[in-house]
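Asker: Take this structure first; my questions come after.
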Amino acid sequence: MNLFALLDQAAARHGDRGAVFSGEQQLHTWSALRERALRLAATLDGPGQRIAIASENRPEIVELMFATWAAECTVVPINYKLHPREMLQIIEDSGAARVFASPKIGKELVDITGIPVETVDSQGYSARLTAAPADVPTVTDPATLAWLFYTSGTTGRSKGAMLSHRNLMAMTVAHLADFDSPDHNCSLVHGAPMSHGSGLYIPPYVMRAARQVIPASGAFDPDEFLDLCEHHPGCSAFLAPTMVQRLVATGRPKPRNLKTVVYGGGPMYVHSLKKAMEAFGPIFVQLYGQGEAPMTITGLRRADHVCGDDWADDAILGSVGYARSGVDVAVLREDGTPAAIGEIGEIVCRGDVVMSGYWNNPDATAQTLQDGWLRTGDMGSFDERGFLTLRDRSKDVVISGGSNIYPREVEEALLEHPGVEEAGVVGAPDEEWGEIVVAFIVGSATPEELDAHLLDRIARFKRPKRYEYIDELPKNSYGKVLKRALRERLS
Ligand code: AMP
């Protein structure tokens with residue numbers, strides 16, 4: 001099994017139709033894309049090599065992914081927002097044979113690494129596209145590594161999750177079974193980085209010959225994104241929750257052709273989700289996943305977001321849904337026994353989507369893959385209906401006066417106040433209480449107003465004892481709020 005087959009089949013069925021678009025402009029048909037990928041594949045290093053791709057969202061990423069797979073090599077995607085030193089760490093850790101880079105990133109990398117860096121606008125790259133095409137791979141072992149996925153490193157040094165063709169095929173099938181059913185009259189508009197979630201969604205949409213639309217800016221610009229969803233047919237996109245909020249903030253109505261927005265990768269607060277559904281209608285799908293089980297642990301389907309003429313209840317909207325097709329999900333106590341309904345424990349999962357381990361890191365692999373389960377490090381609980389609610393990671397729980405307080409719950413309540421744009425809650429050491437709850441607020445609501453607001457909503461002991469006002473919450477390059485950075489501000 002080789003993911004290249006998805007492109008091969010799309011080209012056979014829809015060879016003359018547009019496959020890759022830069023903004024509104026068609027660049028390649030499916031036949032041309034297939035040919036470009038096979039020509040590139042013929043020039044790549046032998047099977048088993050790692051090929052790093054470091055670029056803003058660009059059309060070449062699509063052909064490079066399929067070329068790498070055709071050559072039985074492994075894609076090492078690198079987020080373009082990383083610092084060059086962080087990129088270098090990934091390039092070196094993966095032992096990449098070469099790096100394909102956008103002109104901008106190529107310039108930054110070429111002086112700091114001894115590994116060949118080739119920009120996609122170079123003569124060398126054009127020359128590869130004139131090589132005789134490689135043969136279509138027919139006997140690839142499904143366990144062959146397809147994607148070496150470096151974790152975002154919010155919990156320490158970045159590690160390479162090893163994802164095989166089988167893993168990504170399981171992800172593809174689950175996406176088509178649970179979330180979306182594109183066809184050749186549809187489009188995937190790349191809003192989020194193609195080095196991460198948006199790139200992982202390329203296989204299911206290529207399988208159905210849906211257009212790959214890469215915004216010309218290479219970044220996420222809400223107006224550009226919405227314009228593209230007016231222009232291209234049947235649009236779907238994967239967006240981080242902060243991107244959804246930026247779309248809503250434009251005040252624009254739902255574009256004619258925007259059909260599906262999959263959000264996830266970080267918490268979407270109920271209040272923000274309702275605002276998004278009010279603005280764009282019930283087009284939202286939630287995923288909960290992690291690099292180790294890409295895009296696929298649990299999810300909330302479009303229909304789960306509504307109940308009759310109303311939105312679904314807050315317990316459902318605030319959950320991460322239920323197990324995805326082909327994935328077993330459980331919540332375990334510290335002693336490894338299953339938690340009862342409502343009891344919080346560590347979320348674990350298993351299935352064909354789960355990685356085989358971390359690259360060159362047997363210790364981390366042994367800690368993470370145990371008894372056939374992937375230990376996600378996320379804490380959560382199932383309710384009696386089978387919906388999983390994520391609590392904070394164990395290290396984020398605030399223990400004040402012996403009571404566990406989950407920051408997410410306090411943040412949800414704070415965000416319901418109209419004078420709060422963003423809220424980040426952490427614990428600070430305190431002699432009397434052990435820890436106290438501190439809320440970082442972006443917005444104009446005063447502590448008195450917030451106190452009164454919270455008294456109506458959550459238990460008294462969960463209220464922040466201190467409010468800190470800041471201009472913006474610190475976030476990593478994937479838009480995830482850095483709790484560690486918030487805590488550091490307190491020390
Ligand atoms: P990464 O491997 O960088 O994609 O990060 C995965 C982590 O993001 C998960 O382990 C969760 O902690 C968090 N995450 C992913 N999806 C969601 C979601 N739908 N809601 C809340 N947190 C999420």
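So you can find residues: chains in the structure tokens are A, B, ... in the order shown, residues in each start at 1, and ligands are numbered from 1 in order.
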Around ligand 1, out to 10 Å and counting only C-alpha atoms and all ligand atoms, which residues are there? I want them as a ChimeraX atom specification.
Answerer: /A:149-155,158-159,161,196-197,240-241,262-269,285-300,318-321,347,375-379,389-393,408,478,480
Asker: Could you give me, as a Markdown table, a per-residue list for segment 128-215 of chain A showing, wherever an atom lies at most 6 Å from an atom of segment 76-98 of chain A, the closest pair of atoms and their distance in Å to one decimal, using only C-alpha atoms and sorting by chain then residue number from low to high?
Answerer:
| residue | atom | partner | partner_atom | distance |
| --- | --- | --- | --- | --- |
| A:Trp147 | CA | A:Val76 | CA | 5.9 |
| A:Leu148 | CA | A:Val76 | CA | 5.0 |
| A:Ser195 | CA | A:Pro77 | CA | 4.8 |
Asker: For Leu473 of chain A, which residue out of A:Ala459, A:Val327, A:Thr242, A:Ala19 is the nearest one, using only C-alpha atoms?
Answerer: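 So, comparing all the options, the nearest one is A:Thr242.
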Asker: Of the candidates A:Pro47, A:Gly281, A:Pro133, A:Pro338, which shows the shortest atom-to-atom distance to Arg34 of chain A, using only C-alpha atoms?
Answerer: A:Pro133
Asker: Going by DSSP on the backbone, which residues of segment 115-226 of chain A come out as strand (DSSP E)? List them as a list in words.
Answerer: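 Reading the DSSP output for segment 115-226 of chain A, strand (DSSP E) covers Val117, Glu118, Thr119, Leu145, Ala146, Trp147, Leu148, Phe149, Tyr150, Gly160, Ala161, Met162, Leu163, Ser164, Ser187, Leu188, Val189, Arg211, Gln212, Val213 and Ile214 of chain A.
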Asker: Would you save the residues of that selection, restricted to C-alpha atoms, as an mmCIF file, in the first residue's frame?
Answerer:
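out.cif, written as the output of this step:
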data_model
loop_
_atom_site.group_PDB
_atom_site.id
_atom_site.type_symbol
_atom_site.label_atom_id
_atom_site.label_comp_id
_atom_site.auth_asym_id
_atom_site.auth_seq_id
_atom_site.Cartn_x
_atom_site.Cartn_y
_atom_site.Cartn_z
ATOM 1 C CA VAL A 117 18.809 22.844 0.795
ATOM 2 C CA GLU A 118 17.037 23.377 -2.529
ATOM 3 C CA THR A 119 14.477 26.094 -3.081
ATOM 4 C CA LEU A 145 7.263 5.497 6.937
ATOM 5 C CA ALA A 146 5.330 8.160 5.072
ATOM 6 C CA TRP A 147 5.466 11.138 7.436
ATOM 7 C CA LEU A 148 7.819 11.902 10.291
ATOM 8 C CA PHE A 149 5.750 14.279 12.336
ATOM 9 C CA TYR A 150 7.561 16.435 14.855
ATOM 10 C CA GLY A 160 9.370 12.674 15.614
ATOM 11 C CA ALA A 161 6.198 10.574 15.543
ATOM 12 C CA MET A 162 6.679 7.827 12.937
ATOM 13 C CA LEU A 163 3.604 7.574 10.723
ATOM 14 C CA SER A 164 3.362 4.906 8.047
ATOM 15 C CA SER A 187 -12.102 21.762 -2.924
ATOM 16 C CA LEU A 188 -9.775 21.644 0.048
ATOM 17 C CA VAL A 189 -8.729 25.206 0.874
ATOM 18 C CA ARG A 211 -9.149 20.587 -5.801
ATOM 19 C CA GLN A 212 -6.156 21.572 -3.725
ATOM 20 C CA VAL A 213 -6.440 25.327 -3.244
ATOM 21 C CA ILE A 214 -3.438 27.105 -1.786
#
Asker: Can you tell me, as a ChimeraX atom specification, what residues are no more than 12 Å from Glu24 of chain A when counting only C-alpha atoms, ignoring any on the same chain fewer than 2 positions away?
Answerer: /A:18-22,26-27,187,189,211-217,224-225,227-233
Asker: May I have the selected residues written with N, CA, C and O atoms, as a tab-separated table (two decimals), in the first residue's frame?
Answerer:
chain	number	residue	atom	x	y	z
A	18	GLY	N	-8.86	20.35	-13.05
A	18	GLY	CA	-7.90	21.10	-12.25
A	18	GLY	C	-7.63	20.41	-10.91
A	18	GLY	O	-8.56	19.97	-10.24
A	19	ALA	N	-6.35	20.30	-10.56
A	19	ALA	CA	-5.98	19.64	-9.30
A	19	ALA	C	-5.39	20.64	-8.30
A	19	ALA	O	-5.79	20.67	-7.14
A	20	VAL	N	-4.44	21.45	-8.77
A	20	VAL	CA	-3.74	22.35	-7.85
A	20	VAL	C	-3.98	23.80	-8.29
A	20	VAL	O	-3.80	24.13	-9.47
A	21	PHE	N	-4.39	24.61	-7.33
A	21	PHE	CA	-4.69	26.02	-7.62
A	21	PHE	C	-3.90	26.91	-6.67
A	21	PHE	O	-3.81	26.62	-5.48
A	22	SER	N	-3.35	27.98	-7.24
A	22	SER	CA	-2.77	29.01	-6.40
A	22	SER	C	-3.80	30.14	-6.38
A	22	SER	O	-4.03	30.79	-7.40
A	26	GLN	N	-5.64	28.16	-11.77
A	26	GLN	CA	-5.30	26.73	-11.89
A	26	GLN	C	-3.85	26.57	-12.32
A	26	GLN	O	-3.40	27.18	-13.27
A	27	LEU	N	-3.09	25.72	-11.60
A	27	LEU	CA	-1.70	25.48	-11.98
A	27	LEU	C	-1.53	24.15	-12.71
A	27	LEU	O	-0.85	24.08	-13.72
A	187	SER	N	-13.44	21.16	-3.10
A	187	SER	CA	-12.10	21.76	-2.92
A	187	SER	C	-11.67	21.68	-1.47
A	187	SER	O	-12.50	21.81	-0.57
A	189	VAL	N	-9.41	23.91	0.85
A	189	VAL	CA	-8.73	25.21	0.87
A	189	VAL	C	-7.78	25.19	2.07
A	189	VAL	O	-8.20	24.97	3.21
A	211	ARG	N	-10.19	19.58	-5.55
A	211	ARG	CA	-9.15	20.59	-5.80
A	211	ARG	C	-8.31	20.87	-4.55
A	211	ARG	O	-8.85	20.92	-3.46
A	212	GLN	N	-7.04	21.10	-4.79
A	212	GLN	CA	-6.16	21.57	-3.72
A	212	GLN	C	-5.96	23.06	-3.95
A	212	GLN	O	-5.35	23.46	-4.94
A	213	VAL	N	-6.51	23.88	-3.06
A	213	VAL	CA	-6.44	25.33	-3.24
A	213	VAL	C	-5.49	25.92	-2.20
A	213	VAL	O	-5.73	25.79	-1.00
A	214	ILE	N	-4.42	26.52	-2.69
A	214	ILE	CA	-3.44	27.11	-1.79
A	214	ILE	C	-3.53	28.63	-1.91
A	214	ILE	O	-3.30	29.18	-2.99
A	215	PRO	N	-3.92	29.31	-0.83
A	215	PRO	CA	-4.04	30.77	-0.91
A	215	PRO	C	-2.73	31.39	-1.41
A	215	PRO	O	-1.64	30.97	-0.99
A	216	ALA	N	-2.84	32.37	-2.30
A	216	ALA	CA	-1.63	32.94	-2.92
A	216	ALA	C	-0.72	33.59	-1.89
A	216	ALA	O	0.49	33.63	-2.07
A	217	SER	N	-1.28	34.07	-0.77
A	217	SER	CA	-0.44	34.73	0.23
A	217	SER	C	0.44	33.73	0.97
A	217	SER	O	1.40	34.11	1.63
A	224	GLU	N	-8.97	36.71	2.44
A	224	GLU	CA	-8.54	35.92	1.28
A	224	GLU	C	-9.18	34.53	1.32
A	224	GLU	O	-9.70	34.02	0.32
A	225	PHE	N	-9.19	33.94	2.51
A	225	PHE	CA	-9.77	32.61	2.67
A	225	PHE	C	-11.26	32.63	2.29
A	225	PHE	O	-11.73	31.79	1.53
A	227	ASP	N	-12.86	34.77	0.42
A	227	ASP	CA	-13.02	35.01	-1.03
A	227	ASP	C	-12.83	33.71	-1.81
A	227	ASP	O	-13.57	33.43	-2.75
A	228	LEU	N	-11.83	32.94	-1.42
A	228	LEU	CA	-11.58	31.68	-2.15
A	228	LEU	C	-12.76	30.72	-2.00
A	228	LEU	O	-13.06	29.93	-2.90
A	229	CYS	N	-13.43	30.81	-0.85
A	229	CYS	CA	-14.59	29.93	-0.62
A	229	CYS	C	-15.84	30.45	-1.34
A	229	CYS	O	-16.86	29.78	-1.38
A	230	GLU	N	-15.77	31.64	-1.89
A	230	GLU	CA	-16.83	32.10	-2.80
A	230	GLU	C	-16.54	31.57	-4.20
A	230	GLU	O	-17.44	31.24	-4.96
A	231	HIS	N	-15.26	31.51	-4.51
A	231	HIS	CA	-14.86	31.21	-5.90
A	231	HIS	C	-14.86	29.71	-6.22
A	231	HIS	O	-15.40	29.28	-7.24
A	232	HIS	N	-14.21	28.91	-5.36
A	232	HIS	CA	-14.05	27.48	-5.67
A	232	HIS	C	-15.27	26.69	-5.22
A	232	HIS	O	-15.94	27.07	-4.25
A	233	PRO	N	-15.56	25.57	-5.88
A	233	PRO	CA	-16.76	24.81	-5.51
A	233	PRO	C	-16.57	23.95	-4.27
A	233	PRO	O	-15.45	23.49	-3.99
Asker: I'd like the interatomic distance between atom CA of Ala192 of chain A and atom CA of Val410 of chain A, to a tenth of an Å.
Answerer: 27.5 Å
Asker: With distances taken over only C-alpha atoms, which residue among A:Tyr125, A:Leu369, A:Ala339, A:Asn185 lies nearest Ser356 of chain A?
Answerer: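 Of A:Tyr125, A:Leu369, A:Ala339, A:Asn185, the one nearest Ser356 of chain A is A:Leu369, counting only C-alpha atoms.
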Asker: To test your reading of the structure, identify every residue in segment 176-235 of chain A that backbone DSSP assigns to helix (DSSP H, G or I), and report it as JSON, numbers by chain.
Answerer: {"A": [176, 177, 178, 197, 198, 199, 200, 202, 203, 204, 205, 206, 207, 222, 223, 224, 225, 226, 227, 228, 229, 230, 231]}
Asker: Compile the contact shell of Arg302 of chain A as an MDAnalysis selection string: residues with an atom at most 10 Å away, counting only C-alpha atoms, same-chain residues fewer than 5 positions apart removed.
Answerer: chainID A and resid 178:180 260:262 282:286
Asker: Save out the residues we just selected, N, CA and C atoms, as a PDB file, in the first residue's frame.
Answerer:
ATOM      1  N   ASP A 178     -16.300   9.615   8.685  1.00  0.00           N
ATOM      2  CA  ASP A 178     -16.903  10.356   9.801  1.00  0.00           C
ATOM      3  C   ASP A 178     -17.247  11.807   9.466  1.00  0.00           C
ATOM      4  N   PHE A 179     -16.383  12.450   8.687  1.00  0.00           N
ATOM      5  CA  PHE A 179     -16.438  13.912   8.657  1.00  0.00           C
ATOM      6  C   PHE A 179     -16.901  14.539   7.352  1.00  0.00           C
ATOM      7  N   ASP A 180     -16.449  14.024   6.243  1.00  0.00           N
ATOM      8  CA  ASP A 180     -16.665  14.770   5.005  1.00  0.00           C
ATOM      9  C   ASP A 180     -16.737  13.785   3.843  1.00  0.00           C
ATOM     10  N   THR A 260     -17.686  22.883   4.809  1.00  0.00           N
ATOM     11  CA  THR A 260     -17.221  22.172   6.006  1.00  0.00           C
ATOM     12  C   THR A 260     -15.971  22.827   6.580  1.00  0.00           C
ATOM     13  N   VAL A 261     -16.026  23.120   7.856  1.00  0.00           N
ATOM     14  CA  VAL A 261     -14.812  23.567   8.552  1.00  0.00           C
ATOM     15  C   VAL A 261     -14.539  22.567   9.676  1.00  0.00           C
ATOM     16  N   VAL A 262     -13.413  21.898   9.571  1.00  0.00           N
ATOM     17  CA  VAL A 262     -12.996  21.014  10.653  1.00  0.00           C
ATOM     18  C   VAL A 262     -12.102  21.838  11.561  1.00  0.00           C
ATOM     19  N   PRO A 282     -24.398  25.571  10.636  1.00  0.00           N
ATOM     20  CA  PRO A 282     -23.861  24.306  11.172  1.00  0.00           C
ATOM     21  C   PRO A 282     -22.921  23.606  10.193  1.00  0.00           C
ATOM     22  N   ILE A 283     -21.788  24.246   9.930  1.00  0.00           N
ATOM     23  CA  ILE A 283     -20.837  23.654   8.971  1.00  0.00           C
ATOM     24  C   ILE A 283     -19.624  23.091   9.699  1.00  0.00           C
ATOM     25  N   PHE A 284     -19.701  23.046  11.025  1.00  0.00           N
ATOM     26  CA  PHE A 284     -18.494  22.735  11.799  1.00  0.00           C
ATOM     27  C   PHE A 284     -18.415  21.275  12.225  1.00  0.00           C
ATOM     28  N   VAL A 285     -17.174  20.800  12.249  1.00  0.00           N
ATOM     29  CA  VAL A 285     -16.852  19.436  12.654  1.00  0.00           C
ATOM     30  C   VAL A 285     -15.653  19.560  13.587  1.00  0.00           C
ATOM     31  N   GLN A 286     -15.672  18.850  14.705  1.00  0.00           N
ATOM     32  CA  GLN A 286     -14.516  18.956  15.603  1.00  0.00           C
ATOM     33  C   GLN A 286     -13.675  17.689  15.590  1.00  0.00           C
TER      34      GLN A 286
END
Asker: Using only C-alpha atoms, find each residue in segment 173-268 of chain A having at least one atom no more than 10 Å away from segment 6-15 of chain A; report its shortest atom-to-atom pair and that distance in Å (one decimal), rows by chain then rising number, as a Markdown table.
Answerer:
| residue | atom | partner | partner_atom | distance |
| --- | --- | --- | --- | --- |
| A:His184 | CA | A:His14 | CA | 7.8 |
| A:Pro203 | CA | A:Leu6 | CA | 7.0 |
| A:Pro204 | CA | A:Leu6 | CA | 8.3 |
| A:Tyr205 | CA | A:Leu6 | CA | 9.2 |
| A:Val206 | CA | A:Leu7 | CA | 6.1 |
| A:Met207 | CA | A:Leu6 | CA | 4.7 |
| A:Arg208 | CA | A:Ala10 | CA | 6.8 |
| A:Ala209 | CA | A:Ala10 | CA | 5.1 |
| A:Ala210 | CA | A:Ala10 | CA | 8.9 |
Asker: So that I have them on file, write out the residues from the current selection with all heavy atoms, as a compact mmCIF listing (two decimals), in the first residue's frame.
Answerer:
# COMPACT_ATOMS: atom_id res chain seq x y z
N HIS A 184 -15.09 15.19 -6.94
CA HIS A 184 -14.27 16.00 -7.85
C HIS A 184 -14.86 17.40 -8.09
O HIS A 184 -14.23 18.21 -8.75
CB HIS A 184 -14.07 15.26 -9.17
CG HIS A 184 -15.35 14.82 -9.79
ND1 HIS A 184 -16.03 13.69 -9.37
CD2 HIS A 184 -16.09 15.38 -10.76
CE1 HIS A 184 -17.14 13.58 -10.08
NE2 HIS A 184 -17.21 14.58 -10.93
N PRO A 203 -4.35 13.71 1.59
CA PRO A 203 -4.72 12.39 1.04
C PRO A 203 -6.23 12.15 0.87
O PRO A 203 -6.65 11.74 -0.23
CB PRO A 203 -4.07 11.40 2.02
CG PRO A 203 -2.89 12.15 2.55
CD PRO A 203 -3.33 13.59 2.64
N PRO A 204 -7.09 12.41 1.88
CA PRO A 204 -8.52 12.12 1.62
C PRO A 204 -9.10 12.94 0.47
O PRO A 204 -9.97 12.44 -0.26
CB PRO A 204 -9.22 12.46 2.94
CG PRO A 204 -8.21 13.07 3.84
CD PRO A 204 -6.86 12.76 3.30
N TYR A 205 -8.65 14.17 0.30
CA TYR A 205 -9.24 15.00 -0.76
C TYR A 205 -8.65 14.64 -2.13
O TYR A 205 -9.35 14.70 -3.14
CB TYR A 205 -9.10 16.50 -0.42
CG TYR A 205 -10.00 16.83 0.75
CD1 TYR A 205 -9.56 16.64 2.06
CD2 TYR A 205 -11.31 17.23 0.55
CE1 TYR A 205 -10.41 16.88 3.14
CE2 TYR A 205 -12.17 17.47 1.62
CZ TYR A 205 -11.70 17.29 2.92
OH TYR A 205 -12.56 17.50 3.98
N VAL A 206 -7.38 14.22 -2.15
CA VAL A 206 -6.81 13.74 -3.42
C VAL A 206 -7.51 12.43 -3.81
O VAL A 206 -7.83 12.20 -4.98
CB VAL A 206 -5.29 13.55 -3.30
CG1 VAL A 206 -4.73 12.75 -4.47
CG2 VAL A 206 -4.60 14.91 -3.23
N MET A 207 -7.79 11.60 -2.83
CA MET A 207 -8.47 10.32 -3.11
C MET A 207 -9.78 10.57 -3.87
O MET A 207 -10.18 9.78 -4.71
CB MET A 207 -8.75 9.62 -1.79
CG MET A 207 -9.32 8.23 -1.93
SD MET A 207 -9.30 7.47 -0.28
CE MET A 207 -9.82 5.82 -0.70
N ARG A 208 -10.47 11.67 -3.55
CA ARG A 208 -11.74 11.99 -4.21
C ARG A 208 -11.56 13.03 -5.31
O ARG A 208 -12.53 13.60 -5.79
CB ARG A 208 -12.73 12.53 -3.16
CG ARG A 208 -13.11 11.51 -2.09
CD ARG A 208 -14.07 10.46 -2.65
NE ARG A 208 -14.48 9.55 -1.61
CZ ARG A 208 -14.07 8.29 -1.51
NH1 ARG A 208 -13.24 7.80 -2.41
NH2 ARG A 208 -14.50 7.52 -0.53
N ALA A 209 -10.31 13.30 -5.67
CA ALA A 209 -10.00 14.25 -6.75
C ALA A 209 -10.57 15.64 -6.50
O ALA A 209 -11.00 16.34 -7.42
CB ALA A 209 -10.44 13.72 -8.11
N ALA A 210 -10.61 16.05 -5.23
CA ALA A 210 -11.06 17.41 -4.90
C ALA A 210 -9.88 18.38 -5.08
O ALA A 210 -8.73 18.03 -4.80
CB ALA A 210 -11.57 17.47 -3.47
Asker: What is the distance, in Å and to one decimal place, between atom CA of Asn404 of chain A and atom CA of Arg350 of chain A?
Answerer: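 Atom-to-atom, atom CA of Asn404 of chain A to atom CA of Arg350 of chain A, that is 28.4 Å.
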Asker: Would you mind telling me which residue in A:Leu490, A:Val62, A:Ala131, A:Val248 lies nearest to Leu38 of chain A when using only C-alpha atoms?
Answerer: A:Ala131
Asker: Counting only C-alpha atoms, which of A:Val426, A:Leu415, A:Cys186, A:Leu273 gets nearest to Cys235 of chain A?
Answerer: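 Of A:Val426, A:Leu415, A:Cys186, A:Leu273, the one nearest Cys235 of chain A is A:Cys186, counting only C-alpha atoms.
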